[in-house]
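What's in query-v9.pdb: PDB, C-alpha atoms, pLDDT in the B column
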ATOM      1  CA  MET A 385      -4.897   2.978  -7.075  1.00 84.00           C
ATOM      2  CA  VAL A 386      -4.275  -0.653  -8.005  1.00 89.00           C
ATOM      3  CA  VAL A 387      -0.944  -2.461  -8.386  1.00 89.00           C
ATOM      4  CA  LEU A 388      -0.296  -6.076  -9.401  1.00 92.00           C
ATOM      5  CA  THR A 389       3.158  -7.359  -8.399  1.00 89.00           C
ATOM      6  CA  SER A 390       5.121 -10.558  -8.636  1.00 88.00           C
ATOM      7  CA  LEU A 391       5.767 -12.463  -5.415  1.00 84.00           C
ATOM      8  CA  ASP A 392       9.159 -10.703  -5.278  1.00 83.00           C
ATOM      9  CA  GLY A 393       7.474  -7.295  -5.417  1.00 84.00           C
ATOM     10  CA  ASP A 394       8.210  -6.277  -9.018  1.00 89.00           C
ATOM     11  CA  VAL A 395       5.367  -4.323 -10.648  1.00 91.00           C
ATOM     12  CA  ILE A 396       3.490  -6.250 -13.347  1.00 93.00           C
ATOM     13  CA  ALA A 397       0.765  -3.632 -13.925  1.00 91.00           C
ATOM     14  CA  ALA A 398      -0.362  -0.445 -12.163  1.00 89.00           C
ATOM     15  CA  SER A 399      -3.109   2.140 -12.380  1.00 87.00           C
ATOM     16  CA  GLY A 400      -3.303   5.460 -10.546  1.00 79.00           C
ATOM     17  CA  LEU A 401       0.273   5.349  -9.260  1.00 74.00           C
ATOM     18  CA  HIS A 402       3.562   6.688 -10.558  1.00 75.00           C
ATOM     19  CA  VAL A 403       5.342   3.342 -11.055  1.00 80.00           C
ATOM     20  CA  SER A 404       6.269   1.455 -14.184  1.00 82.00           C
ATOM     21  CA  ALA A 405       6.218  -2.257 -14.985  1.00 87.00           C
ATOM     22  CA  GLY A 406       9.322  -4.058 -13.775  1.00 85.00           C
ATOM     23  CA  SER A 407      10.131  -1.537 -11.044  1.00 87.00           C
ATOM     24  CA  PRO A 408      10.138  -2.673  -7.417  1.00 85.00           C
ATOM     25  CA  PHE A 409       7.057  -1.947  -5.312  1.00 82.00           C
ATOM     26  CA  PRO A 410       7.497  -1.627  -1.538  1.00 72.00           C
ATOM     27  CA  LEU A 411       5.934  -4.716   0.026  1.00 65.00           C
ATOM     28  CA  SER A 412       5.411  -4.763   3.768  1.00 58.00           C
ATOM     29  CA  PRO A 413       7.568  -7.150   5.839  1.00 51.00           C
ATOM     30  CA  VAL A 414       4.447  -9.296   6.352  1.00 52.00           C
ATOM     31  CA  GLN A 415       4.220  -9.872   2.596  1.00 54.00           C
ATOM     32  CA  ARG A 416       7.878 -10.261   1.664  1.00 56.00           C
ATOM     33  CA  GLY A 417       8.825 -13.919   1.921  1.00 53.00           C
ATOM     34  CA  SER A 418       5.540 -14.763   3.622  1.00 54.00           C
ATOM     35  CA  MET A 419       2.560 -16.914   2.824  1.00 53.00           C
ATOM     36  CA  ALA A 420       0.152 -14.530   4.573  1.00 65.00           C
ATOM     37  CA  ASP A 421      -2.999 -13.928   2.551  1.00 77.00           C
ATOM     38  CA  SER A 422      -3.337 -10.203   3.212  1.00 77.00           C
ATOM     39  CA  ALA A 423      -1.781  -7.128   4.825  1.00 76.00           C
ATOM     40  CA  THR A 424      -2.586  -3.462   5.350  1.00 76.00           C
ATOM     41  CA  SER A 425      -0.268  -0.477   5.525  1.00 76.00           C
ATOM     42  CA  LEU A 426       0.033   3.214   4.690  1.00 77.00           C
ATOM     43  CA  MET A 427       1.874   4.566   1.678  1.00 78.00           C
ATOM     44  CA  VAL A 428       2.727   8.015   0.322  1.00 77.00           C
ATOM     45  CA  ASP A 429       2.795   8.771  -3.410  1.00 75.00           C
ATOM     46  CA  ASN A 430       3.388  12.339  -4.642  1.00 75.00           C
ATOM     47  CA  GLY A 431       2.379  13.741  -1.265  1.00 75.00           C
ATOM     48  CA  ARG A 432      -0.876  11.764  -1.177  1.00 77.00           C
ATOM     49  CA  ILE A 433      -1.487   9.304   1.656  1.00 79.00           C
ATOM     50  CA  PHE A 434      -3.055   5.947   0.790  1.00 81.00           C
ATOM     51  CA  GLN A 435      -4.329   3.168   2.984  1.00 83.00           C
ATOM     52  CA  LEU A 436      -2.952   0.124   1.205  1.00 82.00           C
ATOM     53  CA  VAL A 437      -4.730  -3.245   1.315  1.00 85.00           C
ATOM     54  CA  THR A 438      -2.807  -6.116  -0.228  1.00 86.00           C
ATOM     55  CA  VAL A 439      -4.008  -9.660  -0.886  1.00 87.00           C
ATOM     56  CA  SER A 440      -2.356 -12.645  -2.494  1.00 86.00           C
ATOM     57  CA  VAL A 441      -3.496 -13.873  -5.886  1.00 89.00           C
ATOM     58  CA  ARG A 442      -3.776 -17.674  -5.748  1.00 90.00           C
ATOM     59  CA  SER A 443      -4.033 -20.327  -8.426  1.00 90.00           C
ATOM     60  CA  PRO A 444      -4.289 -22.319  -5.988  1.00 91.00           C
ATOM     61  CA  LEU A 445      -0.812 -21.405  -4.653  1.00 88.00           C
ATOM     62  CA  PRO A 446       0.228 -17.730  -4.413  1.00 85.00           C
ATOM     63  CA  VAL A 447       1.317 -16.384  -7.817  1.00 90.00           C
ATOM     64  CA  ALA A 448       1.208 -12.605  -7.278  1.00 89.00           C
ATOM     65  CA  TRP A 449       0.106  -9.759  -4.981  1.00 87.00           C
ATOM     66  CA  ILE A 450      -2.609  -7.228  -5.735  1.00 90.00           C
ATOM     67  CA  ALA A 451      -2.552  -3.982  -3.777  1.00 87.00           C
ATOM     68  CA  MET A 452      -5.410  -1.492  -3.712  1.00 88.00           C
ATOM     69  CA  GLY A 453      -4.764   1.962  -2.302  1.00 85.00           C
ATOM     70  CA  PHE A 454      -7.539   4.132  -0.932  1.00 85.00           C
ATOM     71  CA  ARG A 455      -6.670   7.809  -0.657  1.00 83.00           C
ATOM     72  CA  THR A 456      -7.280   9.202   2.801  1.00 77.00           C
ATOM     73  CA  ARG A 457     -10.200  11.585   3.041  1.00 66.00           C
ATOM     74  CA  ARG A 458      -8.429  14.640   4.449  1.00 57.00           C
ATOM     75  CA  GLN A 459      -4.989  15.165   3.015  1.00 47.00           C
ATOM     76  CA  GLY A 460      -2.320  16.676   5.239  1.00 48.00           C
ATOM     77  CA  ARG A 461      -4.135  15.623   8.415  1.00 49.00           C
ATOM     78  CA  SER A 462      -4.790  12.323  10.078  1.00 49.00           C
ATOM     79  CA  GLY A 463      -8.486  13.037  10.582  1.00 52.00           C
ATOM     80  CA  ASN A 464      -9.669   9.556   9.636  1.00 59.00           C
ATOM     81  CA  SER A 465      -7.562   7.838  12.296  1.00 60.00           C
ATOM     82  CA  ALA A 466      -8.441  10.422  14.923  1.00 67.00           C
ATOM     83  CA  ASP A 467     -12.162  10.069  14.162  1.00 69.00           C
ATOM     84  CA  ILE A 468     -12.022   6.284  14.504  1.00 69.00           C
ATOM     85  CA  THR A 469      -9.750   5.967  17.537  1.00 72.00           C
ATOM     86  CA  GLY A 470     -10.334   9.221  19.413  1.00 76.00           C
ATOM     87  CA  LEU A 471      -6.538   9.566  19.633  1.00 74.00           C
ATOM     88  CA  ALA A 472      -4.272  12.332  18.392  1.00 72.00           C
ATOM     89  CA  VAL A 473      -2.390  10.817  15.442  1.00 68.00           C
ATOM     90  CA  THR A 474       0.741  12.124  13.717  1.00 69.00           C
ATOM     91  CA  LEU A 475       2.109  10.526  10.560  1.00 66.00           C
ATOM     92  CA  SER A 476       5.801  10.878   9.809  1.00 68.00           C
ATOM     93  CA  VAL A 477       7.463  10.007   6.505  1.00 67.00           C
ATOM     94  CA  ASN A 478      11.185   9.330   6.236  1.00 68.00           C
ATOM     95  CA  SER A 479      12.361  10.611   2.876  1.00 66.00           C
ATOM     96  CA  GLY A 480      16.046  10.977   2.170  1.00 63.00           C
ATOM     97  CA  GLY A 481      16.899  10.997   5.871  1.00 55.00           C
ATOM     98  CA  HIS A 482      14.348  13.708   6.696  1.00 50.00           C
TER
END

Any chance you could put this one into structure tokens?
Amino acid sequence: MVVLTSLDGDVIAASGLHVSAGSPFPLSPVQRGSMADSATSLMVDNGRIFQLVTVSVRSPLPVAWIAMGFRTRRQGRSGNSADITGLAVTLSVNSGGH
């Protein structure tokens, strides 16, 4: 999954994700209003969990964000995190107050 957004977070182009050009894309607090060069986060799209890596596009100043999402290996479980950390991991998604 790849998404190119404006600095304000509006989608310019996307592939592999259910968003359309011009719609807002959820930027992490690190990215919004920041000059940080990169950020990582988790995102859910249609029940699929993605590890999201976002970097700024510079020319030489920041002009956009590009986000690449990597689908987690085992859907419905947090196996990747548990394998890496040795910790029990639970992911919770707040959707419509649930």

Could you expand the PyMOL selection byres ((chain A and resi 398) around 7) into the explicit residues it covers here, written as a compact mmCIF listing (two decimals) with C-alpha atoms, in the coordinates of the input?
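Full text of out_0.txt as output:
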# COMPACT_ATOMS: atom_id res chain seq x y z
CA VAL A 386 -4.28 -0.65 -8.01
CA VAL A 387 -0.94 -2.46 -8.39
CA LEU A 388 -0.30 -6.08 -9.40
CA ALA A 397 0.76 -3.63 -13.92
CA SER A 399 -3.11 2.14 -12.38
CA GLY A 400 -3.30 5.46 -10.55
CA LEU A 401 0.27 5.35 -9.26
CA VAL A 403 5.34 3.34 -11.06

What are the centre and edge lengths in Å, to one decimal, of the axis-aligned box around all listed atoms of segment 386-402 of chain A with 5 Å added on each side, as AutoDock Vina command-line options?
--center_x 2.4 --center_y -2.9 --center_z -9.6 --size_x 23.4 --size_y 29.2 --size_z 18.6

message = I'd like the neighbourhood of Asp421 of chain A as a ChimeraX atom specification, where a residue qualifies if any of its atoms comes within 9 Å (using only C-alpha atoms), though same-chain residues fewer than 5 positions away should be ignored.
response = /A:415,438-441,446

ask   = If you measure from atom CA of Ala451 of chain A to atom CA of Ser425 of chain A, what distance in Å do you get, rounded to one decimal?
value = 10.2 Å

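The nearest approach to Gly431 of chain A among the residues A:Trp449, A:Ser443, A:Thr456, A:Pro410, with all atoms listed in the file taken into account, belongs to A:Thr456.
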
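Distances from A:Ile433, A:Met427, A:Met452, A:Val447 to Met385 of chain A were compared using all atoms listed in the file, and the smallest one belongs to A:Met452.
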
query = Distance atom CA of Ser404 of chain A-atom CA of Asn430 of chain A, one decimal place?
reply = 14.8 Å

ask   = Just so the selection is clear, what residues does the PyMOL selection byres ((chain A and resi 408) around 7) cover here, as number ranges by chain?
value = A: 393-395, 406-407, 409-410

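If you count only C-alpha atoms and draw a sphere of 6 Å around (-4.3, 3.1, 1.5), the protein and nucleic acid residues inside it come out as A:Leu426, A:Phe434, A:Gln435, A:Leu436, A:Gly453, A:Phe454, A:Arg455.
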
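With atom CA of Ile396 of chain A on one side and atom CA of Ala448 of chain A on the other, the separation reads 9.1 Å.
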